[in-house]
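Visitor: First the structure, then my questions, so here it is.
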Amino acid sequence: MIHHWPPILAIQIGAVILAVAYAQSKDFQLALATLGEWKVRGGLLFAALTGAAAGGVIPEIAKFATGQLKRPSLDWAKKCLFNAFVYSIIGIQVDLLYQGQSRWFGDGNDFQTLFIKTLVDMSLFSPFISIPTATLLFDLRDRGWARVRANFGHGYIRERIMPGLVLCWIFWIPILFCIYSVARDLQYCFAVLGEAAWSILFVFMMGQRAASAPDPCDT
């Protein structure tokens, strides 16, 4: 996980800069207001489409840029579409979470509100909803239902869920404080930027594990 630190830190610094710019600049707030309007009008469809773009398109651009993908293929197209499908589901889940958090805890940007929302996000939503959803779907794609089902009794949570969850905590906790500090209608838009970077890390990590790590039931 050490080799993930430079991009994670750079993304977190970028999130802090965006949050500070939003808090300090009225012009920046006005410039982003259109994004908030698109989000309100688009609703869950907006969340699904932007989630799909963040998770299904941007990581593939990164693969081309870094030379990990030389040329498109049918297998590549299938994986790209599947990644987009997975992150469209995650996008809807995240949007519903943000709407719920707003109703439950209000829209304040004081430390207590930010802390509570981040705590709920990282201690309930991530370990029980988003990370298991993404991990299971990627594993079903790479291993098939029979193999995934067989692994449930052989340390599946420890071997498959926990690595992604730990990386999620490291990556998202500082960023969520920034996300929850902006206006409600813009929170998901800010989250999509983080989601694009996170999906690159997560998709690459899952691909590496699928290629190199043995199944728990094979050990």
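Just remember, in the structure tokens the first chain shown is A, the second B, etc., residues are 1-based per chain, and ligands are 1-based in the order shown.
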Might you pull out every residue within 8 Å of Ala197 in chain A, with only C-alpha atoms counted and same-chain residues fewer than 2 positions away left off, and present them as a list in words?
Guide: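 My reading of the contact set: Ile11, Ala54, Pro59, Leu193, Gly194, Glu195, Ser199, Ile200 and Leu201 of chain A.
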Visitor: As a VMD selection string, please: the residues near range 130-141 of chain A (cut-off 9 Å, only C-alpha atoms, same-chain neighbours under 2 positions excluded).
Guide: chain A and resid 79 82 to 83 86 to 87 89 to 90 93 to 94 125 to 128 143 to 148 157 160 to 162 164 to 165 168 203 206 to 207 210
Visitor: Mind dumping the selected residues with C-alpha atoms as a CSV table (one decimal), in the first residue's frame?
Guide:
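Wrote it out as result_12.csv, contents follow:
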```
chain,number,residue,atom,x,y,z
A,79,LYS,CA,-14.4,-4.4,-18.5
A,82,PHE,CA,-18.6,-3.2,-16.2
A,83,ASN,CA,-16.6,-0.6,-14.3
A,86,VAL,CA,-20.3,-0.7,-10.8
A,87,TYR,CA,-19.6,3.0,-10.2
A,89,ILE,CA,-24.4,2.0,-8.5
A,90,ILE,CA,-21.8,3.5,-6.1
A,93,GLN,CA,-25.5,5.0,-3.1
A,94,VAL,CA,-23.3,8.0,-2.4
A,125,PHE,CA,-21.6,3.3,4.7
A,126,SER,CA,-18.1,2.3,3.5
A,127,PRO,CA,-17.6,-1.0,5.4
A,128,PHE,CA,-21.2,-2.3,5.0
A,143,ARG,CA,-13.8,-15.1,-10.5
A,144,GLY,CA,-17.5,-16.0,-11.0
A,145,TRP,CA,-20.3,-16.7,-8.5
A,146,ALA,CA,-19.3,-20.2,-7.6
A,147,ARG,CA,-15.7,-19.3,-6.6
A,148,VAL,CA,-16.8,-16.1,-4.7
A,157,ILE,CA,-13.8,-10.3,4.5
A,160,ARG,CA,-10.9,-9.3,0.0
A,161,ILE,CA,-12.9,-6.6,1.8
A,162,MET,CA,-10.5,-5.3,4.4
A,164,GLY,CA,-10.0,-2.0,0.0
A,165,LEU,CA,-11.6,-0.7,3.2
A,168,CYS,CA,-10.7,3.8,1.5
A,203,VAL,CA,-9.7,-0.6,-10.0
A,206,MET,CA,-8.5,-5.0,-7.6
A,207,GLY,CA,-6.9,-5.8,-10.9
A,210,ALA,CA,-7.0,-10.7,-9.2
```
Visitor: Between A:Ser88, A:Gln101, A:Gly108, A:Ala77, which residue has the minimum interatomic distance to Ala47 in chain A, considering only C-alpha atoms?
Guide: A:Ser88
Visitor: So which residues touch Val40 in chain A within 12 Å, counting only C-alpha atoms, skipping near sequence neighbours fewer than 5 positions away, as a list of chain:residue names?
Guide: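 Contacts, with the query itself left out: A:Ala33, A:Thr34, A:Leu35, A:Leu45, A:Phe46, A:Ala47, A:Asp95, A:Gln99, A:Arg184, A:Asp185, A:Leu186, A:Gln187, A:Tyr188, A:Cys189.
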Visitor: Please produce a file of the residues just selected, as a tab-separated table (two decimals), in the first residue's frame, where the atoms kept are N, CA and C atoms.
Guide:
```
chain	number	residue	atom	x	y	z
A	33	ALA	N	-21.96	27.20	-8.92
A	33	ALA	CA	-23.40	27.11	-8.69
A	33	ALA	C	-24.11	26.35	-9.82
A	34	THR	N	-23.60	26.49	-11.05
A	34	THR	CA	-24.21	25.78	-12.18
A	34	THR	C	-24.13	24.28	-11.99
A	35	LEU	N	-23.00	23.81	-11.46
A	35	LEU	CA	-22.87	22.38	-11.20
A	35	LEU	C	-23.93	21.91	-10.21
A	45	LEU	N	-30.23	10.14	-11.70
A	45	LEU	CA	-29.67	9.87	-13.02
A	45	LEU	C	-28.33	10.58	-13.18
A	46	PHE	N	-28.26	11.83	-12.71
A	46	PHE	CA	-27.00	12.57	-12.75
A	46	PHE	C	-25.94	11.82	-11.94
A	47	ALA	N	-26.33	11.32	-10.76
A	47	ALA	CA	-25.40	10.59	-9.91
A	47	ALA	C	-24.90	9.33	-10.60
A	95	ASP	N	-25.00	9.40	-3.44
A	95	ASP	CA	-25.95	10.50	-3.49
A	95	ASP	C	-27.05	10.32	-2.44
A	99	GLN	N	-27.88	12.83	0.74
A	99	GLN	CA	-29.21	13.37	1.00
A	99	GLN	C	-29.67	13.00	2.41
A	184	ARG	N	-24.75	21.79	0.14
A	184	ARG	CA	-25.30	20.45	-0.06
A	184	ARG	C	-25.38	20.06	-1.52
A	185	ASP	N	-25.84	20.97	-2.39
A	185	ASP	CA	-26.03	20.63	-3.79
A	185	ASP	C	-24.71	20.41	-4.53
A	186	LEU	N	-23.60	20.85	-3.92
A	186	LEU	CA	-22.30	20.67	-4.55
A	186	LEU	C	-21.51	19.51	-3.96
A	187	GLN	N	-21.99	18.94	-2.87
A	187	GLN	CA	-21.22	17.89	-2.21
A	187	GLN	C	-20.98	16.71	-3.13
A	188	TYR	N	-22.01	16.29	-3.84
A	188	TYR	CA	-21.82	15.15	-4.72
A	188	TYR	C	-20.89	15.50	-5.87
A	189	CYS	N	-20.97	16.74	-6.37
A	189	CYS	CA	-20.09	17.16	-7.47
A	189	CYS	C	-18.62	17.11	-7.03
```
Visitor: Taking only residues of range 118-211 of chain A that have an atom at most 8 Å from an atom of range 12-20 of chain A, what is each one's shortest atom pair and its distance in Å to one decimal, using only C-alpha atoms, in chain and number order, as a tab-separated table?
Guide:
```
residue	atom	partner	partner_atom	distance
A:Phe171	CA	A:Gln12	CA	7.5
A:Pro174	CA	A:Gln12	CA	6.6
A:Ile175	CA	A:Gln12	CA	5.9
A:Cys178	CA	A:Ala19	CA	5.5
A:Ile179	CA	A:Ala19	CA	7.4
A:Ser181	CA	A:Ala19	CA	7.2
A:Val182	CA	A:Ala19	CA	7.0
A:Gly194	CA	A:Ala15	CA	7.8
```
Visitor: Restricting the output to C-alpha atoms, write the selected residues as a compact mmCIF listing (two decimals), in the first residue's frame.
Guide:
```
# COMPACT_ATOMS: atom_id res chain seq x y z
CA PHE A 171 -7.94 8.10 1.11
CA PRO A 174 -9.53 13.91 4.95
CA ILE A 175 -11.41 14.43 1.67
CA CYS A 178 -13.71 18.96 2.63
CA ILE A 179 -16.74 17.57 0.79
CA SER A 181 -17.96 21.58 4.22
CA VAL A 182 -19.41 22.84 0.91
CA GLY A 194 -12.56 12.38 -5.54
```
Visitor: Let's see if you can do this: from backbone DSSP, list all alpha helix (DSSP H) residues in range 6-211 of chain A, as JSON, numbers by chain.
Guide: {"A": [6, 7, 8, 9, 10, 11, 12, 13, 14, 15, 16, 17, 18, 19, 20, 21, 22, 23, 24, 26, 27, 28, 29, 30, 31, 32, 33, 34, 35, 36, 37, 38, 39, 40, 41, 42, 43, 44, 45, 46, 47, 48, 49, 50, 51, 52, 58, 59, 60, 61, 62, 63, 64, 65, 66, 74, 75, 76, 77, 78, 79, 80, 81, 82, 83, 84, 85, 86, 87, 88, 89, 90, 91, 92, 93, 94, 95, 96, 97, 98, 99, 100, 101, 102, 103, 104, 105, 111, 112, 113, 114, 115, 116, 117, 118, 119, 120, 131, 132, 133, 134, 135, 136, 137, 138, 139, 140, 141, 142, 143, 145, 146, 147, 148, 149, 150, 151, 156, 162, 163, 164, 165, 166, 167, 168, 169, 170, 171, 172, 173, 174, 175, 176, 177, 178, 179, 184, 185, 186, 187, 188, 189, 190, 191, 192, 193, 194, 195, 196, 197, 198, 199, 200, 201, 202, 203, 204, 205, 206, 207, 208, 209, 210, 211]}
Visitor: List as a PyMOL selection string the protein and nucleic acid residues near range 114-116 of chain A, meaning an atom at most 10 Å away when only C-alpha atoms are counted, but skip any in the same chain fewer than 3 places from it.
Guide: chain A and resi 101+105+107-111+119-122+173+176-181
Visitor: Quick one: write out the picked residues with C-alpha atoms as a PDB file, in the first residue's frame?
Guide:
```
ATOM      1  CA  GLN A 101     -26.950  12.918   6.029  1.00  0.00           C
ATOM      2  CA  PHE A 105     -27.571  16.176  10.673  1.00  0.00           C
ATOM      3  CA  ASP A 107     -26.100  21.365   6.424  1.00  0.00           C
ATOM      4  CA  GLY A 108     -23.762  23.085   8.868  1.00  0.00           C
ATOM      5  CA  ASN A 109     -20.022  23.165   8.268  1.00  0.00           C
ATOM      6  CA  ASP A 110     -18.974  23.290  11.914  1.00  0.00           C
ATOM      7  CA  PHE A 111     -16.478  20.671  13.065  1.00  0.00           C
ATOM      8  CA  LEU A 119     -17.903   9.091  10.951  1.00  0.00           C
ATOM      9  CA  VAL A 120     -21.198   7.743   9.592  1.00  0.00           C
ATOM     10  CA  ASP A 121     -19.747   7.617   6.095  1.00  0.00           C
ATOM     11  CA  MET A 122     -16.582   5.758   7.081  1.00  0.00           C
ATOM     12  CA  ILE A 173     -11.374  10.603   5.601  1.00  0.00           C
ATOM     13  CA  LEU A 176     -14.824  13.921   3.273  1.00  0.00           C
ATOM     14  CA  PHE A 177     -14.221  16.772   5.707  1.00  0.00           C
ATOM     15  CA  CYS A 178     -13.712  18.964   2.633  1.00  0.00           C
ATOM     16  CA  ILE A 179     -16.745  17.569   0.786  1.00  0.00           C
ATOM     17  CA  TYR A 180     -19.148  17.996   3.692  1.00  0.00           C
ATOM     18  CA  SER A 181     -17.963  21.580   4.219  1.00  0.00           C
TER      19      SER A 181
END
```
Visitor: So, counting only C-alpha atoms, which residue among A:Arg103, A:Arg158, A:Lys117, A:Lys78 is closest to Asp142 in chain A?
Guide: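 Checking each of A:Arg103, A:Arg158, A:Lys117, A:Lys78 against Asp142 in chain A, counting only C-alpha atoms, the winner is A:Lys78.
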